[in-house]
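What follows is the content of run22.cif, which has mmCIF, C-alpha atoms:
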```cif
data_data
loop_
_atom_site.label_atom_id
_atom_site.label_comp_id
_atom_site.auth_asym_id
_atom_site.auth_seq_id
_atom_site.Cartn_x
_atom_site.Cartn_y
_atom_site.Cartn_z
CA MET P 2 73.83 54.36 196.90
CA LEU P 3 71.82 52.87 194.02
CA LYS P 4 73.33 49.78 192.40
CA ILE P 5 71.66 48.06 189.44
CA SER P 6 73.19 44.67 188.63
CA ASN P 7 72.45 42.55 185.54
CA LEU P 8 68.86 43.79 185.42
CA THR P 9 66.60 42.03 182.93
CA VAL P 10 62.95 42.96 182.39
CA GLY P 11 60.67 41.04 180.05
CA TYR P 12 57.09 41.93 179.20
CA SER P 13 54.55 39.23 178.43
CA ARG P 14 54.10 38.51 174.69
CA SER P 15 57.47 40.13 173.87
CA LEU P 16 60.11 38.16 172.01
CA ARG P 17 63.03 39.95 173.61
CA PRO P 18 63.60 41.67 176.98
CA ALA P 19 62.88 45.37 177.37
CA LEU P 20 66.05 45.48 179.49
CA ASN P 21 68.85 42.97 179.00
CA GLY P 22 71.69 42.71 181.50
CA VAL P 23 71.71 46.36 182.58
CA SER P 24 74.28 47.29 185.26
CA LEU P 25 74.63 50.85 186.53
CA GLU P 26 75.44 52.71 189.75
CA VAL P 27 74.45 56.13 191.09
CA GLY P 28 76.60 57.52 193.89
CA THR P 29 75.99 60.18 196.51
CA GLY P 30 75.95 63.65 194.94
CA GLU P 31 76.28 62.27 191.42
CA VAL P 32 74.14 62.93 188.32
CA VAL P 33 73.93 59.95 185.98
CA CYS P 34 72.09 60.48 182.69
CA VAL P 35 70.59 57.59 180.75
CA VAL P 36 70.22 58.66 177.12
CA GLY P 37 68.66 56.97 174.11
CA GLU P 38 65.84 56.98 171.59
CA SER P 39 62.20 56.35 172.45
CA GLY P 40 61.62 52.65 173.05
CA SER P 41 65.18 51.95 174.19
CA GLY P 42 64.07 50.98 177.72
CA LYS P 43 64.88 54.17 179.62
CA SER P 44 61.49 54.59 181.31
CA THR P 45 61.32 50.87 182.07
CA LEU P 46 64.60 51.27 183.95
CA ALA P 47 63.23 54.24 185.91
CA LEU P 48 60.05 52.39 186.89
CA ALA P 49 61.97 49.24 187.82
CA CYS P 50 63.97 51.23 190.39
CA LEU P 51 60.70 51.96 192.23
CA ARG P 52 59.12 48.56 191.52
CA LEU P 53 56.32 50.15 189.54
CA LEU P 54 56.30 47.81 186.56
CA GLY P 55 53.22 45.82 187.53
CA SER P 56 52.66 42.10 187.71
CA ASP P 57 52.87 41.19 184.02
CA VAL P 58 56.66 41.36 183.82
CA GLU P 59 59.49 38.95 184.49
CA ILE P 60 62.42 40.50 186.32
CA GLY P 61 65.92 39.20 186.86
CA GLY P 62 68.97 40.73 188.52
CA THR P 63 68.98 43.12 191.46
CA ILE P 64 68.49 46.78 192.29
CA GLU P 65 70.08 47.66 195.61
CA LEU P 66 69.67 50.77 197.72
CA ASP P 67 72.45 50.83 200.31
CA GLY P 68 72.74 47.07 199.99
CA ARG P 69 68.99 46.33 200.26
CA ASN P 70 67.47 44.60 197.26
CA ILE P 71 64.42 46.59 196.14
CA PHE P 72 62.80 43.39 194.83
CA SER P 73 63.01 41.73 198.26
CA LEU P 74 61.34 44.50 200.27
CA SER P 75 57.92 44.06 201.83
CA ALA P 76 55.07 46.38 200.87
CA ALA P 77 55.60 48.43 204.03
CA GLU P 78 59.36 48.68 203.47
CA LEU P 79 58.83 49.63 199.84
CA ARG P 80 56.40 52.37 200.86
CA ASN P 81 59.11 53.89 203.04
CA VAL P 82 61.57 53.79 200.15
CA ARG P 83 59.26 55.49 197.65
CA GLY P 84 59.30 59.23 198.17
CA ARG P 85 61.34 59.17 201.36
CA GLU P 86 64.52 57.57 200.01
CA ILE P 87 63.92 57.62 196.26
CA GLY P 88 62.02 60.57 194.79
CA PHE P 89 60.45 60.51 191.35
CA VAL P 90 59.65 63.20 188.78
CA ASN P 91 57.38 62.03 185.96
CA GLN P 92 57.94 62.85 182.31
CA ASP P 93 54.49 64.46 182.03
CA ALA P 94 54.08 66.94 184.88
CA LEU P 95 50.35 67.24 184.24
CA SER P 96 49.85 63.51 184.86
CA SER P 97 51.89 63.78 188.07
CA PHE P 98 48.98 65.58 189.69
CA SER P 99 45.30 64.78 190.03
CA ALA P 100 43.02 67.32 188.38
CA TYR P 101 40.64 67.25 191.36
CA TRP P 102 42.90 68.72 194.04
CA THR P 103 45.16 71.74 194.19
CA VAL P 104 48.89 71.36 193.73
CA GLY P 105 49.53 72.31 197.34
CA GLU P 106 47.05 69.75 198.69
CA GLN P 107 48.81 66.98 196.80
CA ILE P 108 52.32 67.95 197.91
CA ALA P 109 51.10 68.30 201.51
CA GLU P 110 49.44 64.90 201.29
CA THR P 111 52.78 63.39 200.20
CA ILE P 112 54.45 64.91 203.27
CA GLU P 113 51.67 63.79 205.63
CA ALA P 114 51.64 60.24 204.23
CA HIS P 115 55.27 59.68 205.19
CA THR P 116 55.58 61.74 208.38
CA ASN P 117 53.65 62.41 211.55
CA LEU P 118 53.39 66.12 210.85
CA PRO P 119 50.00 67.79 211.36
CA ARG P 120 48.24 69.29 208.35
CA ARG P 121 49.23 72.87 209.20
CA ILE P 122 52.93 72.05 209.40
CA ALA P 123 52.74 69.96 206.22
CA TRP P 124 51.19 72.95 204.44
CA GLU P 125 53.97 75.23 205.65
CA ARG P 126 56.52 72.69 204.42
CA THR P 127 54.72 72.65 201.08
CA LEU P 128 55.04 76.41 200.68
CA ASP P 129 58.71 76.25 201.62
CA GLN P 130 59.24 73.47 199.12
CA LEU P 131 57.58 75.42 196.31
CA ALA P 132 59.72 78.43 197.18
CA SER P 133 62.85 76.24 197.09
CA VAL P 134 62.23 75.44 193.40
CA ARG P 135 62.13 79.18 192.65
CA ILE P 136 58.36 79.48 192.21
CA ASP P 137 57.11 83.03 192.63
CA ASN P 138 54.14 83.47 194.97
CA PRO P 139 54.11 79.88 196.28
CA GLU P 140 50.86 80.49 198.20
CA ARG P 141 48.99 81.23 194.96
CA ILE P 142 50.58 78.30 193.14
CA ALA P 143 49.78 75.95 196.04
CA ARG P 144 46.10 76.91 195.86
CA SER P 145 45.97 76.49 192.08
CA TYR P 146 44.85 73.40 190.17
CA PRO P 147 47.38 71.77 187.82
CA HIS P 148 45.63 72.96 184.66
CA GLU P 149 45.89 76.56 185.86
CA LEU P 150 49.70 76.49 185.75
CA SER P 151 52.08 76.84 182.84
CA GLY P 152 54.20 73.88 181.76
CA GLY P 153 57.26 75.29 183.50
CA GLN P 154 55.34 75.95 186.74
CA ARG P 155 53.90 72.43 186.72
CA GLN P 156 57.30 70.87 186.17
CA ARG P 157 58.79 72.89 189.03
CA ALA P 158 55.88 71.85 191.24
CA ALA P 159 56.48 68.22 190.26
CA LEU P 160 60.14 68.66 191.18
CA ALA P 161 59.06 70.15 194.52
CA MET P 162 56.90 67.09 195.19
CA GLY P 163 59.71 64.72 194.22
CA LEU P 164 62.06 66.45 196.67
CA ALA P 165 59.47 67.08 199.41
CA LEU P 166 60.80 64.32 201.69
CA ARG P 167 64.47 65.07 200.98
CA PRO P 168 65.21 61.72 199.28
CA ARG P 169 68.78 60.57 198.80
CA ILE P 170 68.11 59.53 195.18
CA LEU P 171 65.97 61.42 192.66
CA ILE P 172 64.81 59.71 189.47
CA ALA P 173 63.71 62.21 186.82
CA ASP P 174 62.13 60.75 183.67
CA GLU P 175 62.67 63.24 180.82
CA PRO P 176 61.64 66.26 182.95
CA THR P 177 62.32 68.75 180.13
CA SER P 178 60.75 66.93 177.17
CA ALA P 179 57.54 69.03 177.11
CA LEU P 180 59.23 72.38 177.74
CA ASP P 181 60.60 75.03 175.41
CA VAL P 182 64.36 75.47 175.25
CA THR P 183 64.53 78.47 177.61
CA THR P 184 62.29 76.93 180.26
CA ALA P 185 64.14 73.62 179.98
CA SER P 186 67.46 75.39 180.46
CA HIS P 187 66.22 77.11 183.62
CA LEU P 188 64.83 73.85 185.01
CA LEU P 189 68.09 72.00 184.40
CA ALA P 190 70.08 74.72 186.12
CA LEU P 191 67.68 74.56 189.06
CA LEU P 192 67.90 70.76 189.23
CA ARG P 193 71.69 70.88 189.25
CA GLN P 194 71.69 73.56 191.96
CA LEU P 195 69.28 71.63 194.19
CA GLN P 196 71.18 68.40 193.60
CA ARG P 197 74.35 70.01 194.89
CA GLU P 198 72.55 71.78 197.74
CA TYR P 199 70.92 68.57 198.99
CA SER P 200 73.88 66.27 198.09
CA ILE P 201 71.59 63.74 196.43
CA GLY P 202 72.20 61.30 193.62
CA VAL P 203 70.18 61.84 190.44
CA LEU P 204 69.26 59.31 187.76
CA LEU P 205 68.06 61.46 184.87
CA ILE P 206 66.37 59.89 181.85
CA THR P 207 66.65 61.85 178.60
CA HIS P 208 66.77 61.55 174.82
CA ASP P 209 68.80 64.76 174.42
CA LEU P 210 72.60 64.79 174.55
CA ARG P 211 72.48 68.54 175.17
CA VAL P 212 70.80 67.80 178.50
CA VAL P 213 73.58 65.32 179.22
CA GLU P 214 76.26 67.93 178.61
CA ALA P 215 74.46 70.45 180.80
CA VAL P 216 74.08 68.36 183.98
CA ALA P 217 75.67 64.89 183.84
CA ASP P 218 78.67 63.62 185.74
CA ARG P 219 78.40 60.24 184.04
CA VAL P 220 76.34 59.07 181.07
CA ALA P 221 74.87 55.70 180.13
CA VAL P 222 73.88 55.26 176.47
CA MET P 223 70.95 52.86 176.11
CA TYR P 224 69.88 51.09 172.95
CA ALA P 225 67.28 48.31 172.59
CA GLY P 226 67.46 47.40 176.27
CA ILE P 227 71.24 47.32 176.69
CA LEU P 228 73.71 49.89 177.97
CA GLY P 229 76.07 50.23 175.02
CA GLU P 230 78.40 52.65 176.77
CA VAL P 231 78.80 53.93 180.33
CA GLY P 232 81.42 56.44 181.37
CA ALA P 233 82.32 59.96 182.42
CA ARG P 234 80.39 62.61 180.50
CA ASP P 235 83.34 64.25 178.76
CA GLU P 236 84.93 60.93 177.84
CA VAL P 237 81.74 59.56 176.29
CA LEU P 238 80.84 62.77 174.44
CA ARG P 239 84.34 63.53 173.15
CA ARG P 240 85.59 59.99 172.51
CA PRO P 241 82.57 57.74 171.99
CA ARG P 242 83.36 54.04 171.61
CA PHE P 243 79.87 52.68 170.97
CA PRO P 244 78.88 53.45 167.33
CA TYR P 245 75.35 54.40 168.39
CA THR P 246 76.77 57.09 170.68
CA ARG P 247 78.68 58.57 167.76
CA ALA P 248 75.56 58.42 165.59
CA LEU P 249 73.58 60.35 168.20
CA ILE P 250 76.29 62.99 168.43
CA ASP P 251 76.49 63.33 164.65
CA SER P 252 72.73 63.89 164.49
CA LEU P 253 73.11 66.87 166.83
CA ASP P 254 76.10 68.52 165.18
CA LEU P 255 74.67 72.03 165.00
CA GLU P 256 77.75 73.37 163.24
CA ARG P 257 76.88 71.55 160.00
CA ALA P 258 75.64 73.55 157.06
CA ARG P 259 71.89 74.11 156.95
CA GLY P 260 70.04 71.08 155.58
CA SER P 261 72.97 68.70 156.08
CA LEU P 262 72.13 67.23 159.50
CA LYS P 263 73.01 63.57 159.66
CA GLY P 264 70.32 61.20 160.94
CA VAL P 265 70.69 57.66 162.25
CA PRO P 266 69.63 55.30 159.43
CA GLY P 267 66.91 52.74 160.05
CA VAL P 268 64.57 52.48 163.02
CA PRO P 269 64.98 51.11 166.57
CA PRO P 270 63.94 47.44 166.90
CA GLY P 271 60.61 46.62 168.54
CA LEU P 272 60.10 44.10 171.33
CA SER P 273 58.67 41.67 168.79
CA GLU P 274 62.05 41.40 167.01
CA THR P 275 64.69 38.90 168.08
CA LEU P 276 68.26 40.17 168.17
CA PRO P 277 70.87 37.38 168.18
CA GLY P 278 73.82 39.74 167.82
CA CYS P 279 74.49 43.37 168.71
CA PRO P 280 71.11 45.14 168.68
CA PHE P 281 72.59 48.12 166.84
CA ALA P 282 74.19 46.01 164.12
CA PRO P 283 71.35 46.43 161.55
CA ARG P 284 71.86 50.23 161.67
CA CYS P 285 75.62 50.32 162.21
CA THR P 286 77.89 51.36 159.34
CA ARG P 287 80.82 49.54 160.98
CA ALA P 288 79.05 46.21 161.57
CA GLU P 289 80.74 42.99 160.48
CA ASP P 290 79.52 39.40 160.39
CA ILE P 291 80.28 38.74 164.06
CA CYS P 292 78.14 41.73 165.04
CA GLN P 293 75.09 40.11 163.44
CA ARG P 294 75.70 36.72 165.05
CA MET P 295 77.03 37.33 168.54
CA SER P 296 76.07 39.78 171.27
CA PRO P 297 79.19 41.63 172.49
CA ALA P 298 80.23 41.29 176.12
CA PRO P 299 80.98 44.41 178.20
CA VAL P 300 84.58 45.60 177.87
CA THR P 301 86.27 48.08 180.19
CA ILE P 302 88.53 50.64 178.51
CA GLY P 303 89.93 53.09 181.02
CA GLU P 304 86.88 54.13 183.06
CA THR P 305 84.40 53.46 180.25
CA VAL P 306 82.42 50.24 179.90
CA VAL P 307 81.33 49.52 176.33
CA ARG P 308 79.47 46.66 174.62
CA CYS P 309 80.95 46.53 171.13
CA HIS P 310 83.05 44.01 169.20
CA PHE P 311 85.15 46.86 167.79
CA PRO P 312 85.20 49.58 170.48
CA ASP P 313 88.37 51.19 169.13
CA SER P 314 86.86 51.87 165.70
CA VAL P 315 85.66 55.33 166.77
CA GLU P 316 88.49 56.15 169.17
CA GLY P 317 89.88 59.67 169.12
CA VAL P 318 86.73 61.41 167.84
CA GLU P 319 86.46 64.98 169.09
CA VAL P 320 82.91 66.33 169.02
CA HIS P 321 81.26 69.34 170.60
CA VAL P 322 77.61 69.11 171.60
CA HIS P 323 76.05 72.50 172.17
CA SER P 324 74.58 72.79 175.66
CA VAL P 325 70.94 73.76 176.20
CA GLY P 326 72.07 76.20 178.83
#
```

Structure re-expressed in structure tokens:
Amino acid sequence: MLKISNLTVGYSRSLRPALNGVSLEVGTGEVVCVVGESGSGKSTLALACLRLLGSDVEIGGTIELDGRNIFSLSAAELRNVRGREIGFVNQDALSSFSAYWTVGEQIAETIEAHTNLPRRIAWERTLDQLASVRIDNPERIARSYPHELSGGQRQRAALAMGLALRPRILIADEPTSALDVTTASHLLALLRQLQREYSIGVLLITHDLRVVEAVADRVAVMYAGILGEVGARDEVLRRPRFPYTRALIDSLDLERARGSLKGVPGVPPGLSETLPGCPFAPRCTRAEDICQRMSPAPVTIGETVVRCHFPDSVEGVEVHVHSVG
């Protein structure tokens, strides 16, 4: 349903693109996780899919929803896409709601804005929607202000709002990042259950490979604006071919002895840094001269697409990432 082709996004005053040649697809009933460190371009990708990046960016490539280019839609057509066809769950649930109105008023307003339903019916739909995300006493929650709810309640309410119009695609930008492990586990299980119940595609942004293992069908590993590796979840996690993927997995190896966790050396590059070669080369222990000079082209190995000059250098690695749930 959602097809991203050679997407490039450049911010003004930046020396390199925030996204550089990103191609990715999300099918019906499929969960695709985009994983990477902060600053890798994950949220930029999410916002680009809804054309929410503002006017100070240069965009190349296409994002298609059932063959329609998002960048070619009129304002009226785009309004019908947002919420109705593509739902969105923000990283910070508190900022998803205005502090001046109750949670129920804001979900009902979303329903009214895109339908011809009267206020009473929209309110009933709101209560049903809150109940569908397993919120106890939806009437009380609907009449509460965002600051009166716990983090888990707010995130469930934000999920309810994102699904209120039964979109075919849901984009969730790190929905568990502000939650404790138990609450995050419950929310992921709920998201997976609703995704299957509604048969929707999900593009889930995360920095945590444990989230990937819990819910993903496919995973896209993002680094410095490129997708270094895209493939089936088990294939990417068990046999990573992009060195950055392996480095992320090593950093989460919970079976290591206490105090021996392995971090990724160096820091991610900023947008003010030019990167003539592979963007991960300065931090890669396997990098050679060509990696510093030339950006690798995408290579297809089986069903995995990887951007690396030496994709077979980490072949055959077997790693277990402990699930959050």

With the PyMOL selection byres ((chain P and resi 216) around 9) as the selection, what would be picked from this file? Answer as a list in words, please.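 The output of the PyMOL selection byres ((chain P and resi 216) around 9) on this file is Val32, Val33, Cys34, Leu189, Ala190, Leu192, Arg193, Arg211, Val212, Val213, Glu214, Ala215, Ala217 and Asp218 of chain P.
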
Could you give me, as number ranges by chain, the residues within 12 Å of Glu113 (chain P), counting only C-alpha atoms and dropping anything in the same chain fewer than 5 positions from it? P: 84-85, 106-108, 118-127, 165-166

Which residues would end up in the selection if the PyMOL selection byres ((chain P and resi 279) around 10) were applied here, given that I need the answer as a PyMOL selection string? chain P and resi 224-225+227+229+276-278+280-283+285+288+291-298+308-310

Smallest atom-to-atom distance to Thr9 (chain P): which of P:Val237, P:Ile60, P:Leu249, P:Leu95, using all atoms listed in the file?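 Among the listed residues, P:Ile60 lies closest to Thr9 (chain P).
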
Take every atom of region 108-119 of chain P listed in the file, fit an axis-aligned box around them, add 8 Å per side, and give the centre and edge lengths in Å to one decimal as AutoDock Vina command-line options.
```
--center_x 52.5 --center_y 64.0 --center_z 204.7 --size_x 22.1 --size_y 24.6 --size_z 29.6
```

List as a list in words: which residues have an atom within 8 Å of (72.2, 43.6, 189.0), counting all atoms listed in the file?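 In the file's frame, the residues around the point are Lys4, Ile5, Ser6, Asn7, Leu8, Gly22, Val23, Ser24, Gly61, Gly62, Thr63 and Ile64 of chain P.
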
Work out how far CA of Arg219 (chain P) is from CA of Cys50 (chain P), in Å to one decimal.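 Separation between CA of Cys50 (chain P) and CA of Arg219 (chain P): 18.2 Å.
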
I'd like to know which of P:Arg83, P:Arg284, P:Arg239, P:Arg144 is closest to Gly163 (chain P), using all atoms listed in the file. P:Arg83

d(CA of Arg247 (chain P), CA of Pro176 (chain P)) in Å: 24.1 Å

Selected residue of minimal separation from Thr103 (chain P) among P:Asp251, P:Glu26, P:Glu31, P:Glu140, counting only C-alpha atoms: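 When distances to Thr103 (chain P) are compared using only C-alpha atoms, the smallest one comes from P:Glu140.
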
Can I get region 185-196 of chain P with N, CA and C atoms filled in, as a PDB file, in the coordinates of the input?
```pdb
ATOM      1  N   ALA P 185      63.378  74.835 179.688  1.00  0.00           N
ATOM      2  CA  ALA P 185      64.140  73.620 179.980  1.00  0.00           C
ATOM      3  C   ALA P 185      65.511  73.958 180.549  1.00  0.00           C
ATOM      4  N   SER P 186      66.154  74.974 179.983  1.00  0.00           N
ATOM      5  CA  SER P 186      67.460  75.390 180.460  1.00  0.00           C
ATOM      6  C   SER P 186      67.401  75.844 181.913  1.00  0.00           C
ATOM      7  N   HIS P 187      66.385  76.637 182.248  1.00  0.00           N
ATOM      8  CA  HIS P 187      66.220  77.110 183.620  1.00  0.00           C
ATOM      9  C   HIS P 187      65.964  75.955 184.574  1.00  0.00           C
ATOM     10  N   LEU P 188      65.147  74.985 184.145  1.00  0.00           N
ATOM     11  CA  LEU P 188      64.830  73.850 185.010  1.00  0.00           C
ATOM     12  C   LEU P 188      66.065  72.994 185.258  1.00  0.00           C
ATOM     13  N   LEU P 189      66.879  72.786 184.233  1.00  0.00           N
ATOM     14  CA  LEU P 189      68.090  72.000 184.400  1.00  0.00           C
ATOM     15  C   LEU P 189      69.075  72.676 185.351  1.00  0.00           C
ATOM     16  N   ALA P 190      69.205  73.983 185.214  1.00  0.00           N
ATOM     17  CA  ALA P 190      70.080  74.720 186.120  1.00  0.00           C
ATOM     18  C   ALA P 190      69.587  74.616 187.560  1.00  0.00           C
ATOM     19  N   LEU P 191      68.265  74.688 187.732  1.00  0.00           N
ATOM     20  CA  LEU P 191      67.680  74.560 189.060  1.00  0.00           C
ATOM     21  C   LEU P 191      67.909  73.152 189.619  1.00  0.00           C
ATOM     22  N   LEU P 192      67.702  72.140 188.786  1.00  0.00           N
ATOM     23  CA  LEU P 192      67.900  70.760 189.230  1.00  0.00           C
ATOM     24  C   LEU P 192      69.336  70.540 189.668  1.00  0.00           C
ATOM     25  N   ARG P 193      70.284  71.045 188.899  1.00  0.00           N
ATOM     26  CA  ARG P 193      71.690  70.880 189.250  1.00  0.00           C
ATOM     27  C   ARG P 193      72.015  71.609 190.556  1.00  0.00           C
ATOM     28  N   GLN P 194      71.436  72.806 190.742  1.00  0.00           N
ATOM     29  CA  GLN P 194      71.690  73.560 191.960  1.00  0.00           C
ATOM     30  C   GLN P 194      71.122  72.838 193.182  1.00  0.00           C
ATOM     31  N   LEU P 195      69.896  72.340 193.071  1.00  0.00           N
ATOM     32  CA  LEU P 195      69.280  71.630 194.190  1.00  0.00           C
ATOM     33  C   LEU P 195      69.997  70.319 194.472  1.00  0.00           C
ATOM     34  N   GLN P 196      70.453  69.648 193.420  1.00  0.00           N
ATOM     35  CA  GLN P 196      71.180  68.400 193.600  1.00  0.00           C
ATOM     36  C   GLN P 196      72.447  68.620 194.420  1.00  0.00           C
TER      37      GLN P 196
END
```
